[in-house]
Amino acid sequence: MSYMIRKRPNIRIRKRTFTLFLFFAILLFALVAKLFCIQLLNGRRYREMALTQRMQLIPVYAERGTIYDRNLTELAVSIRTDGVYVSPPNITKPDETARSLANILHLPYESVYSMVKKESPFVWVSLKVTPDDAKMIREMKYPGVKVTETVQRFYPKRELAAHILGVAGMDNQGLEGLEYFYEKELAGQAGYVREEQAPKVGHIPQGIREIQAAEDGNDIVLTIDEGIQYIAERELGKAIKDTGASKGTIIVMNPGTGELLAIANYPTFDPNGFAKYSSAARRNIAITDMYEPGSTFKLIIAAAALEEGLVSPNEIFFDPGYIKIDGKQINCEKKEGHGWITFAEAIVESCNVALSEVGLRFSKERFYDYIRAFNFGKKTGIDFPGEASGLLIPEKTLKPIEMANIAFGQGISVTPLQILLAVSCIANDGVYMQPYLVKEIRSKNGQVLEKFEPTPLNQVISKETSDILKEMMERVVTEGTGKNAAILGYRVAGKTGTSQKPEGGTYGSKRIASFVGFAPVDEPKLAIIVVLDEPKTISKYGGVLAAPVFKTVLEDSLRYLGIPPYFKDDKSSLSKEEIVAVPDVIGRSPVEAKEAVASFKLRSKVQGQGSLVVDQHPRAGNLVSANSYVVIYLKEQDITEMVVVPNVLGLTMKRAAQVLAEFGLKLNPSGSGMAVEINPKVGIKVEYGSIVDVLFR
């Protein structure tokens with residue numbers, strides 16, 4: 001019995017020992033298997049993961065290509081600046097680091113703290129810091145905080161040509177304008193620095209370090225001329241102040257080549273701080289926005305009708321002041337009508353009735369054939385993003401009343417660029433040219449990689465028709481509604497436009513004043529369009545508001561380009577003609593105005609009825625030949641009428657008085673110099689004839 005008692009514990013011990021041995025054997029096998037997987041099967045992958053965790057990638061930005069004007073003046077350049085980044089795994093004191101960076105860089109603490117806590121080996125804090133701030137950050141010597149060189153876009157001319165150039169973002173990528181359209185050429189190829197680092201230590205001595213150099217972008221040379229661009233922007237700014245228009249645009253181009261020499265828009269912006277401005281202020285409205293062109297579109301229908309033989313310049317029309325089509329009445333701007341008038345005179349005097357009659361002579365198909373041939377209803381293909389195509393009523397649903405309306409520029413939407421190109425086609429003997437903004441693409445060493453040449457697209461009308469229209473357009477300036485565009489010594493052709501703005505399905509009181517033309521007539525070098533949207537002056541006609549702006553831009557640009565005035569010979573009667581300056585008669589009574597005009601050896605024509613001169617043309621100060629006519633516009637003073645106080649800040653006393661008079665207000669000046677304060681405030685509604693106190697310094 002004692003033997004049996006001793007044997008049972010030994011069996012139990014053996015079982016336990018075997019179980020324990022088996023457990024450790026399995027565990028050892030599992031460990032060996034795991035090590036086998038790690039070392040042999042997955043060893044390479046884990047080594048790469050470890051290396052990746054130690055490697056940090058620092059981007060090296062390429063310099064964007066420089067944008068030059070046609071004379072190689074720099075308009076957009078890349079500059080080297082300091083940038084700050086953090087490596088969160090290497091930061092030992094997140095809170096202290098974030099507070100210090102936020103204080104130096106003037107950034108919200110919460111934003112910086114979220115950056116230093118990110119699960120990322122590399123985070124930009126600021127891509128552009130001042131040298132002083134960069135020095136302070138370097139002196140902090142916080143682990144995981146680095147200052148490195150970055151590239152940022154800079155526009156040395158600030159607002160000049162801003163809508164053309166567009167903007168580049170903080171990451172140096174093109175966002176708008178030509179910066180966006182030519183991104184592939186300008187951007188270049190970014191590089192990088194890839195180095196091995198250890199947490200809390202930073203760069204590992206003798207560790208891996210790879211460098212991929214950045215490839216800088218190519219340069220582009222524009223067709224834009226800085227001098228003409230400056231003239232256009234200067235005069236547009238003055239026009240906006242003088243008329244109170246909500247927005248406006250001026251485009252200048254060479255009609256024989258399709259090169260755009262200037263595009264000015266208002267409102268404008270500084271691309272160096274573009275984020276401060278609204279998207280509306282950054283729109284290139286000359287290309288992206290549509291409007292009803294008004295009488296400038298009469299040239300298109302006139303060109304088509306003359307080309308088709310549907311009308312001749314001397315054909316006579318009768319204008320009683322209106323025309324009825326399908327039971328609807330179209331009125332002429334001249335309420336009493338033009339009476340008996342030739343077709344040429346209808347263009348000169350801008351007669352709606354005659355053009356409507358001519359428009360109805362077309363078939364729908366032929367009518368639209370010519371409109372499309374002038375590139376309306378489709379994009380011009382200019383090298384710029386966001387171009388609008390304009391709007392045409394569908395041909396299938398086009399009615400006679402709509403054809404009549406379109407004939408004088410109503411019921412069709414176009415861009416300012418489309419109108420200018422169509423008129424340039426007339427100036428260019430009927431040949432429509434492809435518009436473009438970039439002349440050349442160059443490498444950084446100046447090698448021309450691609451050159452853009454003038455491209456004729458199609459012959460829309462014959463040279464004979466073009467010559468007839470040129471003569472008509474010249475008469476518009478010498479005899480008709482565009483007299484304010486005349487320049488002594490130059491043959492100028494043009495056309496006025498005053499269009500109504502649709503409001504809620506009908507036409508309201510808001511207007512768009514425009515003028516388009518070219519010079520010299522015999523060999524056109526410049527074509528220009530001026531569009532002023534919603535002017536606040538009493539007179540809203542294109543011939544009164546836009547034509548003088550056109551004249552100044554054209555005259556200064558011709559002189560800038562060195563195109564001399566033309567006289568037949570030194571003994572010509574024109575060269576001997578007495579030239580006088582037009583007096584300022586706005587705000588005077590009709591009798592006083594006539595006497596003032598006569599004292600300057602000029603004749604006067606009175607339009608309207610009333611006791612107060614509210615407008616005149618030519619404008620005061622214009623040089624004209626003795627015995628020329630000055631048109632005086634009258635209006636009866638109505639004390640119940642309310643007008644808005646215009647902005648005269650920054651104007652001289654004389655100009656402020658003129659602007660206020662155009663609104664039917666009187667100036668009470670104090671001091672001298674430029675207007676610095678105005679009471680009542682700008683934009684306040686006051687009674688017509690009220691006195692406005694203006695302080696000058």
# chains A, B, ... in the order shown; residues from 1 in each chain; ligands from 1
call {"tool": "residues_around", "arguments": {"residues": "Ile228 in chain A", "least_positions_apart": "2", "cutoff": "12 Å", "atoms": "only C-alpha atoms", "output": "VMD selection string"}}
result
chain A and resid 69 to 71 160 to 161 223 to 226 230 to 235 250 to 254 260 to 264 526 528 552 to 561
call {"tool": "select_by_dssp", "arguments": {"residues": "range 255-441 of chain A", "states": "alpha helix (DSSP H)", "output": "MDAnalysis selection string"}}
result
chainID A and resid 285:288 298:308 343:349 352:359 364:373 400:407 416:427
call {"tool": "residues_around", "arguments": {"residues": "Ile341 in chain A", "least_positions_apart": "2", "cutoff": "12 Å", "atoms": "only C-alpha atoms", "output": "PyMOL selection string"}}
result
chain A and resi 313-321+337-339+343-355
call {"tool": "write_last_selection", "arguments": {"atoms": "N, CA and C atoms", "output": "mmCIF file, in the first residue's frame"}}
result
data_model
loop_
_atom_site.group_PDB
_atom_site.id
_atom_site.type_symbol
_atom_site.label_atom_id
_atom_site.label_comp_id
_atom_site.auth_asym_id
_atom_site.auth_seq_id
_atom_site.Cartn_x
_atom_site.Cartn_y
_atom_site.Cartn_z
ATOM 1 N N PRO A 313 -25.522 103.782 -98.494
ATOM 2 C CA PRO A 313 -25.297 104.910 -97.579
ATOM 3 C C PRO A 313 -26.257 106.079 -97.801
ATOM 4 N N ASN A 314 -26.689 106.285 -99.044
ATOM 5 C CA ASN A 314 -27.527 107.451 -99.355
ATOM 6 C C ASN A 314 -29.018 107.130 -99.400
ATOM 7 N N GLU A 315 -29.407 105.899 -99.080
ATOM 8 C CA GLU A 315 -30.836 105.580 -99.052
ATOM 9 C C GLU A 315 -31.520 106.405 -97.959
ATOM 10 N N ILE A 316 -32.705 106.914 -98.283
ATOM 11 C CA ILE A 316 -33.395 107.836 -97.381
ATOM 12 C C ILE A 316 -34.454 107.097 -96.565
ATOM 13 N N PHE A 317 -34.488 107.409 -95.259
ATOM 14 C CA PHE A 317 -35.482 106.876 -94.323
ATOM 15 C C PHE A 317 -36.226 108.045 -93.687
ATOM 16 N N PHE A 318 -37.427 107.767 -93.203
ATOM 17 C CA PHE A 318 -38.158 108.786 -92.453
ATOM 18 C C PHE A 318 -38.345 108.304 -91.019
ATOM 19 N N ASP A 319 -37.903 109.127 -90.092
ATOM 20 C CA ASP A 319 -37.980 108.792 -88.668
ATOM 21 C C ASP A 319 -38.915 109.771 -87.965
ATOM 22 N N PRO A 320 -40.154 109.321 -87.618
ATOM 23 C CA PRO A 320 -41.074 110.198 -86.885
ATOM 24 C C PRO A 320 -40.836 110.177 -85.376
ATOM 25 N N GLY A 321 -39.848 109.393 -84.957
ATOM 26 C CA GLY A 321 -39.571 109.274 -83.529
ATOM 27 C C GLY A 321 -39.909 107.909 -82.972
ATOM 28 N N GLY A 337 -38.031 112.653 -83.339
ATOM 29 C CA GLY A 337 -37.565 111.955 -84.523
ATOM 30 C C GLY A 337 -36.547 112.757 -85.314
ATOM 31 N N HIS A 338 -35.867 112.082 -86.236
ATOM 32 C CA HIS A 338 -34.863 112.737 -87.069
ATOM 33 C C HIS A 338 -35.432 113.214 -88.398
ATOM 34 N N GLY A 339 -36.702 112.883 -88.663
ATOM 35 C CA GLY A 339 -37.301 113.279 -89.938
ATOM 36 C C GLY A 339 -36.680 112.506 -91.085
ATOM 37 N N PHE A 343 -29.167 106.784 -94.700
ATOM 38 C CA PHE A 343 -28.663 105.712 -93.833
ATOM 39 C C PHE A 343 -27.346 106.129 -93.177
ATOM 40 N N ALA A 344 -26.482 106.813 -93.929
ATOM 41 C CA ALA A 344 -25.219 107.290 -93.347
ATOM 42 C C ALA A 344 -25.494 108.241 -92.196
ATOM 43 N N GLU A 345 -26.479 109.132 -92.377
ATOM 44 C CA GLU A 345 -26.834 110.068 -91.312
ATOM 45 C C GLU A 345 -27.457 109.340 -90.122
ATOM 46 N N ALA A 346 -28.137 108.223 -90.396
ATOM 47 C CA ALA A 346 -28.730 107.435 -89.317
ATOM 48 C C ALA A 346 -27.641 106.876 -88.392
ATOM 49 N N ILE A 347 -26.501 106.494 -88.979
ATOM 50 C CA ILE A 347 -25.366 106.040 -88.160
ATOM 51 C C ILE A 347 -24.753 107.222 -87.425
ATOM 52 N N VAL A 348 -24.593 108.330 -88.124
ATOM 53 C CA VAL A 348 -23.975 109.527 -87.529
ATOM 54 C C VAL A 348 -24.806 110.038 -86.356
ATOM 55 N N GLU A 349 -26.138 110.065 -86.533
ATOM 56 C CA GLU A 349 -27.027 110.591 -85.492
ATOM 57 C C GLU A 349 -27.590 109.502 -84.586
ATOM 58 N N SER A 350 -27.223 108.241 -84.830
ATOM 59 C CA SER A 350 -27.635 107.094 -84.011
ATOM 60 C C SER A 350 -29.154 106.949 -83.956
ATOM 61 N N CYS A 351 -29.751 106.750 -85.133
ATOM 62 C CA CYS A 351 -31.210 106.651 -85.251
ATOM 63 C C CYS A 351 -31.672 105.199 -85.095
ATOM 64 N N ASN A 352 -32.465 104.931 -84.064
ATOM 65 C CA ASN A 352 -32.971 103.574 -83.809
ATOM 66 C C ASN A 352 -33.940 103.104 -84.891
ATOM 67 N N VAL A 353 -34.792 104.010 -85.354
ATOM 68 C CA VAL A 353 -35.855 103.644 -86.300
ATOM 69 C C VAL A 353 -35.269 103.135 -87.607
ATOM 70 N N ALA A 354 -34.305 103.864 -88.167
ATOM 71 C CA ALA A 354 -33.705 103.462 -89.442
ATOM 72 C C ALA A 354 -33.011 102.106 -89.319
ATOM 73 N N LEU A 355 -32.270 101.894 -88.213
ATOM 74 C CA LEU A 355 -31.564 100.617 -88.038
ATOM 75 C C LEU A 355 -32.540 99.472 -87.841
#
call {"tool": "closest_residue", "arguments": {"among": "A:Gly386, A:Gly683, A:Gly177, A:Pro89", "to": "Thr415 in chain A", "atoms": "only C-alpha atoms"}}
result
A:Gly386
call {"tool": "closest_residue", "arguments": {"among": "A:Glu333, A:Glu63, A:Glu687, A:Glu474", "to": "Glu149 in chain A", "atoms": "only C-alpha atoms"}}
result
A:Glu63
call {"tool": "residues_around", "arguments": {"residues": "Thr130 in chain A", "least_positions_apart": "3", "cutoff": "8 Å", "atoms": "only C-alpha atoms", "output": "list in words"}}
result
Thr81, Asp82, Asp133 and Ala134 of chain A
call {"tool": "write_last_selection", "arguments": {"atoms": "N, CA and C atoms", "output": "compact mmCIF listing (two decimals), in the first residue's frame"}}
result
# COMPACT_ATOMS: atom_id res chain seq x y z
N THR A 81 11.92 84.58 -49.72
CA THR A 81 11.57 85.03 -48.37
C THR A 81 11.80 83.89 -47.39
N ASP A 82 11.75 84.21 -46.10
CA ASP A 82 11.87 83.19 -45.07
C ASP A 82 10.51 82.59 -44.74
N ASP A 133 11.45 88.78 -37.74
CA ASP A 133 10.76 87.65 -37.11
C ASP A 133 11.54 86.35 -37.30
N ALA A 134 12.10 86.18 -38.50
CA ALA A 134 12.90 84.98 -38.77
C ALA A 134 14.11 84.92 -37.84
call {"tool": "closest_residue", "arguments": {"among": "A:Lys378, A:Arg511, A:Lys15, A:His163", "to": "Phe274 in chain A", "atoms": "only C-alpha atoms"}}
result
A:His163
call {"tool": "closest_residue", "arguments": {"among": "A:Val84, A:Ile220, A:Cys37, A:Val530", "to": "Tyr68 in chain A", "atoms": "only C-alpha atoms"}}
result
A:Ile220
call {"tool": "closest_atom_pairs", "arguments": {"of": "range 412-492 of chain A", "to": "range 496-503 of chain A", "cutoff": "9 Å", "atoms": "only C-alpha atoms", "output": "tab-separated table"}}
result
residue	atom	partner	partner_atom	distance
A:Val476	CA	A:Thr496	CA	8.2
A:Thr481	CA	A:Thr496	CA	6.6
A:Gly482	CA	A:Thr496	CA	6.0
call {"tool": "write_last_selection", "arguments": {"atoms": "C-alpha atoms", "output": "CSV table (one decimal), in the first residue's frame"}}
result
chain,number,residue,atom,x,y,z
A,476,VAL,CA,-19.9,110.4,-86.1
A,481,THR,CA,-23.0,112.1,-81.4
A,482,GLY,CA,-19.3,111.5,-80.9
